[in-house]
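Note sheet for the following structure.
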Amino acid sequence: MTITAPAHDARPKGGSLVDQFELGLDAPICLTWELTYACNLECAHCLSSSGRRDPRELSTQQCEAVIDELQRMQVFYVNIGGGEPTIRPDFWHLLQYAVDHEVGVKFSTNGVRLTPERAGFLASPACNGYVDVQISLDGATAEVNDYVRGPGSYDTALAALKNLQDAGFKDAKISVVCTRQNIGQLDEFKALADHYGATLRLTRLRPSGRGADVWDELHPLPEQQRELYDWLMAHGEDVLTGDSFFHLAAFGEALPGLNLCGAGRVVCLIDPIGDVYACPFAIHDNFLAGNLLADGGFREVWQTSQLFQELRAPQTSGACTKCEFFDSCRGGCMAAKFFTGLPMDGPDPECVQGYGESALAADRSIPAASQDHSRTAPGRNQPVMLTLTRRPDDFTPPTSAPVSACAENPLAGFTP
Amino acid sequence: MSTAATATVLEADHAPRVEVRLEDGWRLNPKVALRPEPFGALAYHFGNRRLSFLRRPELVTVVRALAGAPDVRTALADAGVPEAQWAAFVGALSTLAESDMIHSRKEGQQ
């Protein structure tokens, strides 16, 4: 995507809803708010490179002021995440504060603080049915999940789901990032969701944050993309996707949803220190629109930031516009391109027509991260992404010790 | 946004089951908030958490005027909607009624 014209006030009338959304809205529809960078886990693919709390984190009062402003802007609900939002001591207070101010909350958690008591609170009239809970689970078995999310994280997630179910909380969500390791488990995920009276939510693995380090190993293979697409077409009505698979629309029929990159147009992210980014998958200086403390509040940043004006202006998508599937995928995901070092006006790295693979094979440089809250030393929950295997059958043991680099004998290493 | 809960109004892809008639009185569901947008408005239902999009500013005017008008016909006329478009607007209102965004003022109904 390249900017071709500055934003202007004369806005075309009519057109499809997607056309209107591309021009931006007065307030976001889908706002993600990461409350903290602190996390008890160290997931290998963390979008926000979370781990350590940022000392500049918004205070309770500042968070309340953000909620007040969202209410004034009629942002009817926020997606709260992190880090692990529930380890903020004021998390439950802020949740209640938001609900009381007509800002519904959907929060993502690994389940670590979802005790039976907290589950009871979430199911109680205090939350007024205005709270959604998403439990992150990236494998339908402990083996697959803990491989990326760390030891014990599968048991934690399932315990939380059980607590919610026992408390009578209706319709929790199981949120799955689709990877090479778990695409084969889609039916098992669905069965798990049914077992806990939950709804399955599938989202796309982004090469953002620490995800950039493991994307090559974790992102679904081309044939798995097809498998995922077919599964979504068959189960689309019962499964949520957060509209994250619009790049798959180029397989043919569009999946339900908007099929549009909403970054800075209908979507954005507020990070723990009040920085506003174009989307939750784009925590990088290139997509930083401003800071709600420094730049006059969230409304000001949303409505007037230079970056968001540019994202709402007409854009060109280079060679992609010539592709017959361009109307379906619209060039794919901006963040996925950026963090794999592909040009913004080129194909998505996972373009299902195969243009991504050739783009990835060409010269590219992956941008350096502009923030990292990962722990400086590994904690006990850090995943160890190693698979134990047996010695291959055709293995031949060395016949002699390796030759040292300082061996002086002219015949060193010579085997007659 | 939850895709299952997204409806767009003035481009319904199926015939609504609830029929809004010109001679009946309707009103905005008190649980629904309208957020003005450049293309019209976004309607949010606090009860079932569905989002709908009102795709014309005139439709927003009509919806807001329903409660104060004796019937739909008056609301449409007061909003200056040409009579030739009334059928389309009634269709849009029916879609809104079906998703519980507007309520009939008839006795015995909500």
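Ordered as shown in the structure tokens, chains take letters A, B, and onward, while each chain numbers its residues from 1 and ligands are numbered from 1 in the order shown.
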
**OP:** Name the residues in contact with Ala401 of chain A at a cut-off of 12 Å, using only C-alpha atoms, excluding same-chain residues fewer than 4 positions from it; report them as a PyMOL selection string.
**Re:** chain A and resi 397+407+412-413

Store the residues picked out above in a file with all heavy atoms, as a CSV table (one decimal), in the first residue's frame.
```csv
chain,number,residue,atom,x,y,z
A,397,PRO,N,28.8,-43.4,13.6
A,397,PRO,CA,29.6,-42.7,14.6
A,397,PRO,C,30.9,-42.3,14.0
A,397,PRO,O,31.5,-43.0,13.1
A,397,PRO,CB,29.7,-43.7,15.7
A,397,PRO,CG,29.5,-45.0,15.1
A,397,PRO,CD,28.6,-44.8,13.9
A,407,ALA,N,46.1,-28.3,15.2
A,407,ALA,CA,46.9,-29.5,15.0
A,407,ALA,C,48.0,-29.2,13.9
A,407,ALA,O,47.7,-28.6,12.9
A,407,ALA,CB,46.0,-30.6,14.4
A,412,ALA,N,47.5,-34.3,9.7
A,412,ALA,CA,46.3,-34.3,10.6
A,412,ALA,C,45.0,-34.4,9.8
A,412,ALA,O,44.9,-33.7,8.8
A,412,ALA,CB,46.3,-33.0,11.4
A,413,GLY,N,44.2,-35.3,10.2
A,413,GLY,CA,42.9,-35.4,9.6
A,413,GLY,C,42.9,-36.2,8.3
A,413,GLY,O,41.9,-36.5,7.7
```

**OP:** Could you please tell me, as a ChimeraX atom specification, which residues of chain A have an atom within 9 Å of chain B when using only C-alpha atoms?
**Re:** /A:11,13-14,17,20,24-27,29-30,73-76,102,104,129-130,237-238,240-243,256-258

If you keep C-alpha atoms, can you produce a file of those selected residues as a tab-separated table (two decimals), in the first residue's frame?
```tsv
chain	number	residue	atom	x	y	z
A	11	ARG	CA	-16.12	11.85	1.37
A	13	LYS	CA	-21.41	8.91	-0.46
A	14	GLY	CA	-22.83	5.45	-0.87
A	17	LEU	CA	-19.92	-0.65	3.69
A	20	GLN	CA	-16.99	3.40	3.72
A	24	GLY	CA	-12.39	5.52	8.40
A	25	LEU	CA	-14.97	6.07	11.12
A	26	ASP	CA	-15.38	8.76	13.80
A	27	ALA	CA	-14.50	6.15	16.44
A	29	ILE	CA	-15.50	-0.35	16.12
A	30	CYS	CA	-12.91	-2.79	17.29
A	73	MET	CA	-17.01	8.42	21.88
A	74	GLN	CA	-19.57	5.59	22.03
A	75	VAL	CA	-17.01	2.85	21.67
A	76	PHE	CA	-19.36	0.15	22.83
A	102	GLU	CA	-21.41	1.24	28.97
A	104	GLY	CA	-18.39	-3.78	27.30
A	129	GLY	CA	-23.72	-10.18	30.72
A	130	TYR	CA	-21.48	-7.47	29.37
A	237	GLU	CA	-21.22	-20.03	11.29
A	238	ASP	CA	-20.19	-21.57	14.62
A	240	LEU	CA	-15.35	-16.75	15.31
A	241	THR	CA	-12.32	-15.51	13.40
A	242	GLY	CA	-12.04	-11.82	14.24
A	243	ASP	CA	-12.02	-11.37	10.46
A	256	PRO	CA	-17.95	-14.46	6.48
A	257	GLY	CA	-16.85	-11.09	7.79
A	258	LEU	CA	-15.52	-7.83	6.51
```

Original post:
DSSP on the backbone: what in segment 124-268 of chain A comes out helix (DSSP H, G or I), as a PyMOL selection string?
Top reply: chain A and resi 125-127+142-149+153-167+183-195+211-218+222-238+246-251

For segment 83-86 of chain B: contacts at 12 Å, only C-alpha atoms, fewer than 3 positions along chain excluded, given as a PDB file with C-alpha atoms, in the first residue's frame:
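Written file, part00.pdb:
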```pdb
ATOM      1  CA  LEU B  10     -30.547  -0.723   3.513  1.00  0.00           C
ATOM      2  CA  VAL B  20     -43.126  -2.528   9.304  1.00  0.00           C
ATOM      3  CA  ARG B  21     -46.180  -0.782   7.877  1.00  0.00           C
ATOM      4  CA  LEU B  22     -46.578   2.892   7.038  1.00  0.00           C
ATOM      5  CA  GLU B  58     -31.875  10.142   6.168  1.00  0.00           C
ATOM      6  CA  LEU B  59     -32.521   6.720   7.663  1.00  0.00           C
ATOM      7  CA  VAL B  62     -36.238   8.698  10.360  1.00  0.00           C
ATOM      8  CA  VAL B  72     -43.971   5.667   9.998  1.00  0.00           C
ATOM      9  CA  ARG B  73     -45.522   7.636   7.145  1.00  0.00           C
ATOM     10  CA  THR B  74     -45.270  10.885   9.101  1.00  0.00           C
ATOM     11  CA  ALA B  75     -41.703  10.176  10.174  1.00  0.00           C
ATOM     12  CA  LEU B  76     -40.703   9.584   6.538  1.00  0.00           C
ATOM     13  CA  ALA B  77     -42.510  12.687   5.276  1.00  0.00           C
ATOM     14  CA  ASP B  78     -41.070  14.886   8.054  1.00  0.00           C
ATOM     15  CA  ALA B  79     -37.571  13.659   7.232  1.00  0.00           C
ATOM     16  CA  GLY B  80     -38.109  14.721   3.623  1.00  0.00           C
ATOM     17  CA  PHE B  89     -36.952   2.731   3.786  1.00  0.00           C
ATOM     18  CA  VAL B  90     -39.784   0.560   5.084  1.00  0.00           C
ATOM     19  CA  GLY B  91     -37.702  -2.457   4.082  1.00  0.00           C
ATOM     20  CA  ALA B  92     -34.725  -1.078   6.014  1.00  0.00           C
ATOM     21  CA  LEU B  93     -36.938  -0.421   9.032  1.00  0.00           C
TER      22      LEU B  93
END
```

Original post:
What lies within 7 Å of Ala67 of chain B using only C-alpha atoms, ignoring chain neighbours under 5 positions off, as a ChimeraX atom specification?
Top reply: /B:26-28

Considering only C-alpha atoms, return as a PDB file with N, CA, C and O atoms, in the first residue's frame whatever protein or nucleic-acid residues lie within 10 Å of segment 147-149 of chain A, sequence-local ones (same chain, fewer than 3 positions apart) excluded.
```pdb
ATOM      1  N   LEU A  41       3.485 -15.756  31.548  1.00  0.00           N
ATOM      2  CA  LEU A  41       3.989 -16.694  30.545  1.00  0.00           C
ATOM      3  C   LEU A  41       5.006 -15.987  29.637  1.00  0.00           C
ATOM      4  O   LEU A  41       5.173 -14.765  29.691  1.00  0.00           O
ATOM      5  N   GLU A  42       5.646 -16.772  28.787  1.00  0.00           N
ATOM      6  CA  GLU A  42       6.628 -16.225  27.841  1.00  0.00           C
ATOM      7  C   GLU A  42       6.409 -16.889  26.488  1.00  0.00           C
ATOM      8  O   GLU A  42       7.328 -17.493  25.934  1.00  0.00           O
ATOM      9  N   CYS A  43       5.179 -16.822  25.984  1.00  0.00           N
ATOM     10  CA  CYS A  43       4.841 -17.520  24.746  1.00  0.00           C
ATOM     11  C   CYS A  43       5.824 -17.143  23.631  1.00  0.00           C
ATOM     12  O   CYS A  43       6.165 -15.971  23.460  1.00  0.00           O
ATOM     13  N   ALA A  44       6.210 -18.149  22.887  1.00  0.00           N
ATOM     14  CA  ALA A  44       7.235 -17.962  21.859  1.00  0.00           C
ATOM     15  C   ALA A  44       6.792 -16.961  20.795  1.00  0.00           C
ATOM     16  O   ALA A  44       7.609 -16.268  20.217  1.00  0.00           O
ATOM     17  N   HIS A  45       5.466 -16.870  20.550  1.00  0.00           N
ATOM     18  CA  HIS A  45       4.973 -16.072  19.433  1.00  0.00           C
ATOM     19  C   HIS A  45       4.249 -14.815  19.892  1.00  0.00           C
ATOM     20  O   HIS A  45       3.438 -14.262  19.160  1.00  0.00           O
ATOM     21  N   CYS A  46       4.541 -14.356  21.121  1.00  0.00           N
ATOM     22  CA  CYS A  46       3.818 -13.202  21.685  1.00  0.00           C
ATOM     23  C   CYS A  46       3.886 -11.987  20.757  1.00  0.00           C
ATOM     24  O   CYS A  46       4.945 -11.499  20.413  1.00  0.00           O
ATOM     25  N   ASN A 110      -4.683 -16.011  29.812  1.00  0.00           N
ATOM     26  CA  ASN A 110      -4.225 -17.401  29.777  1.00  0.00           C
ATOM     27  C   ASN A 110      -4.896 -18.198  30.888  1.00  0.00           C
ATOM     28  O   ASN A 110      -4.650 -19.389  31.032  1.00  0.00           O
ATOM     29  N   SER A 136      -6.839 -18.198  25.955  1.00  0.00           N
ATOM     30  CA  SER A 136      -5.911 -18.526  24.872  1.00  0.00           C
ATOM     31  C   SER A 136      -5.434 -19.965  25.005  1.00  0.00           C
ATOM     32  O   SER A 136      -5.056 -20.415  26.084  1.00  0.00           O
ATOM     33  N   LEU A 137      -5.484 -20.657  23.878  1.00  0.00           N
ATOM     34  CA  LEU A 137      -5.075 -22.059  23.864  1.00  0.00           C
ATOM     35  C   LEU A 137      -4.552 -22.332  22.452  1.00  0.00           C
ATOM     36  O   LEU A 137      -5.276 -22.168  21.489  1.00  0.00           O
ATOM     37  N   ASP A 138      -3.310 -22.716  22.344  1.00  0.00           N
ATOM     38  CA  ASP A 138      -2.748 -22.872  21.002  1.00  0.00           C
ATOM     39  C   ASP A 138      -2.437 -24.326  20.650  1.00  0.00           C
ATOM     40  O   ASP A 138      -1.661 -24.600  19.728  1.00  0.00           O
ATOM     41  N   GLY A 139      -3.069 -25.236  21.393  1.00  0.00           N
ATOM     42  CA  GLY A 139      -2.970 -26.647  21.060  1.00  0.00           C
ATOM     43  C   GLY A 139      -4.139 -27.351  21.717  1.00  0.00           C
ATOM     44  O   GLY A 139      -4.534 -26.989  22.828  1.00  0.00           O
ATOM     45  N   ALA A 142      -1.890 -30.892  25.464  1.00  0.00           N
ATOM     46  CA  ALA A 142      -0.861 -30.195  26.230  1.00  0.00           C
ATOM     47  C   ALA A 142       0.447 -30.161  25.443  1.00  0.00           C
ATOM     48  O   ALA A 142       1.163 -29.157  25.438  1.00  0.00           O
ATOM     49  N   GLU A 143       0.740 -31.243  24.754  1.00  0.00           N
ATOM     50  CA  GLU A 143       2.000 -31.327  24.012  1.00  0.00           C
ATOM     51  C   GLU A 143       2.134 -30.183  22.999  1.00  0.00           C
ATOM     52  O   GLU A 143       3.152 -29.486  22.954  1.00  0.00           O
ATOM     53  N   VAL A 144       1.063 -29.994  22.197  1.00  0.00           N
ATOM     54  CA  VAL A 144       1.120 -28.976  21.150  1.00  0.00           C
ATOM     55  C   VAL A 144       1.034 -27.570  21.744  1.00  0.00           C
ATOM     56  O   VAL A 144       1.746 -26.646  21.339  1.00  0.00           O
ATOM     57  N   GLY A 152       2.768 -26.272  31.510  1.00  0.00           N
ATOM     58  CA  GLY A 152       1.686 -26.027  32.466  1.00  0.00           C
ATOM     59  C   GLY A 152       0.588 -25.122  31.938  1.00  0.00           C
ATOM     60  O   GLY A 152      -0.484 -25.019  32.537  1.00  0.00           O
ATOM     61  N   SER A 153       0.833 -24.453  30.788  1.00  0.00           N
ATOM     62  CA  SER A 153      -0.150 -23.464  30.337  1.00  0.00           C
ATOM     63  C   SER A 153      -1.440 -24.124  29.837  1.00  0.00           C
ATOM     64  O   SER A 153      -2.522 -23.527  29.914  1.00  0.00           O
ATOM     65  N   TYR A 154      -1.347 -25.354  29.344  1.00  0.00           N
ATOM     66  CA  TYR A 154      -2.552 -26.069  28.890  1.00  0.00           C
ATOM     67  C   TYR A 154      -3.464 -26.353  30.084  1.00  0.00           C
ATOM     68  O   TYR A 154      -4.666 -26.064  30.048  1.00  0.00           O
ATOM     69  N   THR A 179      -1.486 -22.550  13.907  1.00  0.00           N
ATOM     70  CA  THR A 179      -0.079 -22.788  13.562  1.00  0.00           C
ATOM     71  C   THR A 179       0.067 -24.102  12.796  1.00  0.00           C
ATOM     72  O   THR A 179      -0.855 -24.906  12.735  1.00  0.00           O
ATOM     73  N   GLN A 181       1.566 -26.556  13.761  1.00  0.00           N
ATOM     74  CA  GLN A 181       1.454 -27.683  14.683  1.00  0.00           C
ATOM     75  C   GLN A 181       0.001 -27.993  15.067  1.00  0.00           C
ATOM     76  O   GLN A 181      -0.291 -29.112  15.493  1.00  0.00           O
ATOM     77  N   VAL A 214       9.759 -16.802  15.373  1.00  0.00           N
ATOM     78  CA  VAL A 214       9.341 -18.201  15.204  1.00  0.00           C
ATOM     79  C   VAL A 214       8.389 -18.400  14.030  1.00  0.00           C
ATOM     80  O   VAL A 214       7.939 -19.514  13.771  1.00  0.00           O
ATOM     81  N   LEU A 218       6.488 -21.735  12.614  1.00  0.00           N
ATOM     82  CA  LEU A 218       5.108 -21.948  13.075  1.00  0.00           C
ATOM     83  C   LEU A 218       4.021 -21.663  12.041  1.00  0.00           C
ATOM     84  O   LEU A 218       2.910 -22.175  12.159  1.00  0.00           O
ATOM     85  N   ASN A 381       8.532 -20.536  33.140  1.00  0.00           N
ATOM     86  CA  ASN A 381       7.454 -20.854  32.217  1.00  0.00           C
ATOM     87  C   ASN A 381       7.865 -20.730  30.762  1.00  0.00           C
ATOM     88  O   ASN A 381       7.035 -20.858  29.872  1.00  0.00           O
ATOM     89  N   GLN A 382       9.119 -20.433  30.512  1.00  0.00           N
ATOM     90  CA  GLN A 382       9.509 -20.233  29.116  1.00  0.00           C
ATOM     91  C   GLN A 382       9.408 -21.543  28.328  1.00  0.00           C
ATOM     92  O   GLN A 382       9.898 -22.579  28.778  1.00  0.00           O
ATOM     93  N   PRO A 383       8.749 -21.488  27.178  1.00  0.00           N
ATOM     94  CA  PRO A 383       8.669 -22.719  26.378  1.00  0.00           C
ATOM     95  C   PRO A 383      10.041 -23.104  25.843  1.00  0.00           C
ATOM     96  O   PRO A 383      10.868 -22.237  25.557  1.00  0.00           O
ATOM     97  N   VAL A 384      10.270 -24.375  25.737  1.00  0.00           N
ATOM     98  CA  VAL A 384      11.509 -24.872  25.143  1.00  0.00           C
ATOM     99  C   VAL A 384      11.121 -25.503  23.823  1.00  0.00           C
ATOM    100  O   VAL A 384      10.536 -26.584  23.791  1.00  0.00           O
ATOM    101  N   MET A 385      11.398 -24.805  22.744  1.00  0.00           N
ATOM    102  CA  MET A 385      10.898 -25.272  21.452  1.00  0.00           C
ATOM    103  C   MET A 385      11.841 -26.283  20.835  1.00  0.00           C
ATOM    104  O   MET A 385      12.433 -26.063  19.788  1.00  0.00           O
ATOM    105  N   LEU A 386      11.978 -27.398  21.500  1.00  0.00           N
ATOM    106  CA  LEU A 386      12.796 -28.485  20.991  1.00  0.00           C
ATOM    107  C   LEU A 386      11.940 -29.725  20.968  1.00  0.00           C
ATOM    108  O   LEU A 386      11.108 -29.933  21.851  1.00  0.00           O
ATOM    109  N   THR A 387      12.141 -30.547  19.971  1.00  0.00           N
ATOM    110  CA  THR A 387      11.439 -31.822  19.925  1.00  0.00           C
ATOM    111  C   THR A 387      12.479 -32.916  20.095  1.00  0.00           C
ATOM    112  O   THR A 387      13.499 -32.923  19.396  1.00  0.00           O
TER     113      THR A 387
END
```

Check chain B with DSSP on the backbone and list each residue it calls strand (DSSP E or B), as a PDB file with N, CA, C and O atoms, in the first residue's frame.
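Written out: out_10.pdb:
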```pdb
ATOM      1  N   THR B   6     -22.994  -8.847  12.857  1.00  0.00           N
ATOM      2  CA  THR B   6     -22.927  -7.654  12.041  1.00  0.00           C
ATOM      3  C   THR B   6     -24.026  -7.673  10.990  1.00  0.00           C
ATOM      4  O   THR B   6     -24.095  -8.580  10.188  1.00  0.00           O
ATOM      5  N   ALA B   7     -24.865  -6.683  11.031  1.00  0.00           N
ATOM      6  CA  ALA B   7     -25.915  -6.591  10.018  1.00  0.00           C
ATOM      7  C   ALA B   7     -25.810  -5.236   9.355  1.00  0.00           C
ATOM      8  O   ALA B   7     -25.407  -4.274   9.969  1.00  0.00           O
ATOM      9  N   THR B   8     -26.106  -5.181   8.112  1.00  0.00           N
ATOM     10  CA  THR B   8     -26.093  -3.879   7.463  1.00  0.00           C
ATOM     11  C   THR B   8     -27.476  -3.574   6.929  1.00  0.00           C
ATOM     12  O   THR B   8     -28.168  -4.442   6.422  1.00  0.00           O
ATOM     13  N   VAL B   9     -27.853  -2.347   7.145  1.00  0.00           N
ATOM     14  CA  VAL B   9     -29.227  -1.987   6.849  1.00  0.00           C
ATOM     15  C   VAL B   9     -29.293  -1.105   5.605  1.00  0.00           C
ATOM     16  O   VAL B   9     -28.444  -0.271   5.389  1.00  0.00           O
ATOM     17  N   TRP B  26     -43.801   3.214  15.639  1.00  0.00           N
ATOM     18  CA  TRP B  26     -42.620   2.477  16.103  1.00  0.00           C
ATOM     19  C   TRP B  26     -41.748   3.412  16.934  1.00  0.00           C
ATOM     20  O   TRP B  26     -41.960   4.615  16.976  1.00  0.00           O
ATOM     21  N   ARG B  27     -40.767   2.838  17.609  1.00  0.00           N
ATOM     22  CA  ARG B  27     -39.790   3.671  18.322  1.00  0.00           C
ATOM     23  C   ARG B  27     -38.469   2.912  18.409  1.00  0.00           C
ATOM     24  O   ARG B  27     -38.441   1.692  18.289  1.00  0.00           O
ATOM     25  N   LEU B  28     -37.402   3.681  18.654  1.00  0.00           N
ATOM     26  CA  LEU B  28     -36.091   3.063  18.840  1.00  0.00           C
ATOM     27  C   LEU B  28     -36.115   2.279  20.153  1.00  0.00           C
ATOM     28  O   LEU B  28     -36.634   2.773  21.161  1.00  0.00           O
ATOM     29  N   VAL B  32     -30.961   0.476  22.574  1.00  0.00           N
ATOM     30  CA  VAL B  32     -30.107   0.680  21.399  1.00  0.00           C
ATOM     31  C   VAL B  32     -29.551   2.100  21.384  1.00  0.00           C
ATOM     32  O   VAL B  32     -30.273   3.058  21.625  1.00  0.00           O
ATOM     33  N   ALA B  33     -28.251   2.196  21.120  1.00  0.00           N
ATOM     34  CA  ALA B  33     -27.619   3.510  20.987  1.00  0.00           C
ATOM     35  C   ALA B  33     -27.223   3.719  19.531  1.00  0.00           C
ATOM     36  O   ALA B  33     -26.780   2.788  18.865  1.00  0.00           O
ATOM     37  N   LEU B  34     -27.413   4.945  19.056  1.00  0.00           N
ATOM     38  CA  LEU B  34     -27.004   5.292  17.689  1.00  0.00           C
ATOM     39  C   LEU B  34     -25.737   6.143  17.758  1.00  0.00           C
ATOM     40  O   LEU B  34     -25.706   7.145  18.469  1.00  0.00           O
ATOM     41  N   ARG B  35     -24.722   5.722  17.028  1.00  0.00           N
ATOM     42  CA  ARG B  35     -23.488   6.509  16.993  1.00  0.00           C
ATOM     43  C   ARG B  35     -23.356   7.113  15.610  1.00  0.00           C
ATOM     44  O   ARG B  35     -23.244   6.385  14.623  1.00  0.00           O
ATOM     45  N   PRO B  36     -23.401   8.441  15.511  1.00  0.00           N
ATOM     46  CA  PRO B  36     -23.314   9.072  14.194  1.00  0.00           C
ATOM     47  C   PRO B  36     -21.997   8.736  13.513  1.00  0.00           C
ATOM     48  O   PRO B  36     -20.957   8.703  14.155  1.00  0.00           O
ATOM     49  N   GLU B  37     -22.063   8.466  12.221  1.00  0.00           N
ATOM     50  CA  GLU B  37     -20.866   8.197  11.420  1.00  0.00           C
ATOM     51  C   GLU B  37     -21.044   8.920  10.089  1.00  0.00           C
ATOM     52  O   GLU B  37     -22.166   9.243   9.710  1.00  0.00           O
ATOM     53  N   GLY B  40     -23.793   7.553   7.963  1.00  0.00           N
ATOM     54  CA  GLY B  40     -25.112   7.385   8.566  1.00  0.00           C
ATOM     55  C   GLY B  40     -24.939   7.194  10.056  1.00  0.00           C
ATOM     56  O   GLY B  40     -24.617   8.134  10.766  1.00  0.00           O
ATOM     57  N   ALA B  41     -25.118   5.953  10.509  1.00  0.00           N
ATOM     58  CA  ALA B  41     -24.912   5.696  11.925  1.00  0.00           C
ATOM     59  C   ALA B  41     -24.665   4.230  12.167  1.00  0.00           C
ATOM     60  O   ALA B  41     -24.979   3.371  11.341  1.00  0.00           O
ATOM     61  N   LEU B  42     -24.082   3.995  13.319  1.00  0.00           N
ATOM     62  CA  LEU B  42     -23.857   2.635  13.771  1.00  0.00           C
ATOM     63  C   LEU B  42     -24.845   2.429  14.923  1.00  0.00           C
ATOM     64  O   LEU B  42     -24.945   3.288  15.804  1.00  0.00           O
ATOM     65  N   ALA B  43     -25.624   1.371  14.860  1.00  0.00           N
ATOM     66  CA  ALA B  43     -26.587   1.102  15.923  1.00  0.00           C
ATOM     67  C   ALA B  43     -26.062  -0.056  16.764  1.00  0.00           C
ATOM     68  O   ALA B  43     -25.676  -1.095  16.225  1.00  0.00           O
ATOM     69  N   TYR B  44     -26.033   0.145  18.063  1.00  0.00           N
ATOM     70  CA  TYR B  44     -25.536  -0.909  18.945  1.00  0.00           C
ATOM     71  C   TYR B  44     -26.617  -1.296  19.939  1.00  0.00           C
ATOM     72  O   TYR B  44     -27.210  -0.447  20.591  1.00  0.00           O
ATOM     73  N   HIS B  45     -26.875  -2.571  20.019  1.00  0.00           N
ATOM     74  CA  HIS B  45     -27.911  -3.106  20.908  1.00  0.00           C
ATOM     75  C   HIS B  45     -27.238  -3.609  22.183  1.00  0.00           C
ATOM     76  O   HIS B  45     -26.491  -4.588  22.150  1.00  0.00           O
ATOM     77  N   LEU B  51     -24.431  -5.313  16.293  1.00  0.00           N
ATOM     78  CA  LEU B  51     -24.147  -4.050  15.627  1.00  0.00           C
ATOM     79  C   LEU B  51     -24.918  -4.021  14.322  1.00  0.00           C
ATOM     80  O   LEU B  51     -24.981  -5.027  13.626  1.00  0.00           O
ATOM     81  N   SER B  52     -25.508  -2.882  14.010  1.00  0.00           N
ATOM     82  CA  SER B  52     -26.083  -2.706  12.676  1.00  0.00           C
ATOM     83  C   SER B  52     -25.573  -1.394  12.119  1.00  0.00           C
ATOM     84  O   SER B  52     -25.174  -0.510  12.870  1.00  0.00           O
ATOM     85  N   PHE B  53     -25.593  -1.293  10.813  1.00  0.00           N
ATOM     86  CA  PHE B  53     -25.113  -0.069  10.192  1.00  0.00           C
ATOM     87  C   PHE B  53     -26.253   0.567   9.422  1.00  0.00           C
ATOM     88  O   PHE B  53     -26.858  -0.063   8.556  1.00  0.00           O
ATOM     89  N   LEU B  54     -26.578   1.793   9.765  1.00  0.00           N
ATOM     90  CA  LEU B  54     -27.612   2.529   9.037  1.00  0.00           C
ATOM     91  C   LEU B  54     -26.897   3.302   7.939  1.00  0.00           C
ATOM     92  O   LEU B  54     -26.104   4.205   8.231  1.00  0.00           O
ATOM     93  N   ILE B 102     -35.644  -1.603  16.615  1.00  0.00           N
ATOM     94  CA  ILE B 102     -36.804  -0.742  16.848  1.00  0.00           C
ATOM     95  C   ILE B 102     -37.976  -1.605  17.310  1.00  0.00           C
ATOM     96  O   ILE B 102     -38.052  -2.799  17.008  1.00  0.00           O
ATOM     97  N   HIS B 103     -38.850  -1.008  18.097  1.00  0.00           N
ATOM     98  CA  HIS B 103     -39.999  -1.722  18.652  1.00  0.00           C
ATOM     99  C   HIS B 103     -41.303  -1.102  18.157  1.00  0.00           C
ATOM    100  O   HIS B 103     -41.382   0.118  18.002  1.00  0.00           O
ATOM    101  N   SER B 104     -42.286  -1.957  17.990  1.00  0.00           N
ATOM    102  CA  SER B 104     -43.611  -1.466  17.632  1.00  0.00           C
ATOM    103  C   SER B 104     -44.254  -0.823  18.863  1.00  0.00           C
ATOM    104  O   SER B 104     -44.029  -1.273  19.982  1.00  0.00           O
TER     105      SER B 104
END
```

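Across the model, the gap from atom CA of Cys268 of chain A to atom CA of Leu307 of chain A is 11.7 Å.
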
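The interatomic distance for the pair atom CA of Asp54 of chain A and atom CA of Thr156 of chain A works out to 24.9 Å.
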
Original post:
Do you know which residues are at most 10 Å from Gly331 of chain A counting only C-alpha atoms, after dropping those on the same chain fewer than 6 positions away, and could you put them as a ChimeraX atom specification?
Top reply: /A:1,246-247,250,260-261,316-321,323,325,337,344-349,351

**OP:** Write out as a PyMOL selection string each polymer residue whose atoms come within 9 Å of segment 160-177 of chain A, counting only C-alpha atoms; drop sequence neighbours fewer than 5 positions from it.
**Re:** chain A and resi 108+110-124+129+132-139+155+182+189+192-193+196-206+240

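What separates atom CA of Phe414 of chain A from atom CA of Pro402 of chain A is a distance of 11.4 Å.
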
Subject >> Which residue of A:Cys127, A:Leu292, A:Cys333, A:Val239 approaches Leu58 of chain A most closely, using only C-alpha atoms >> reply: A:Leu292
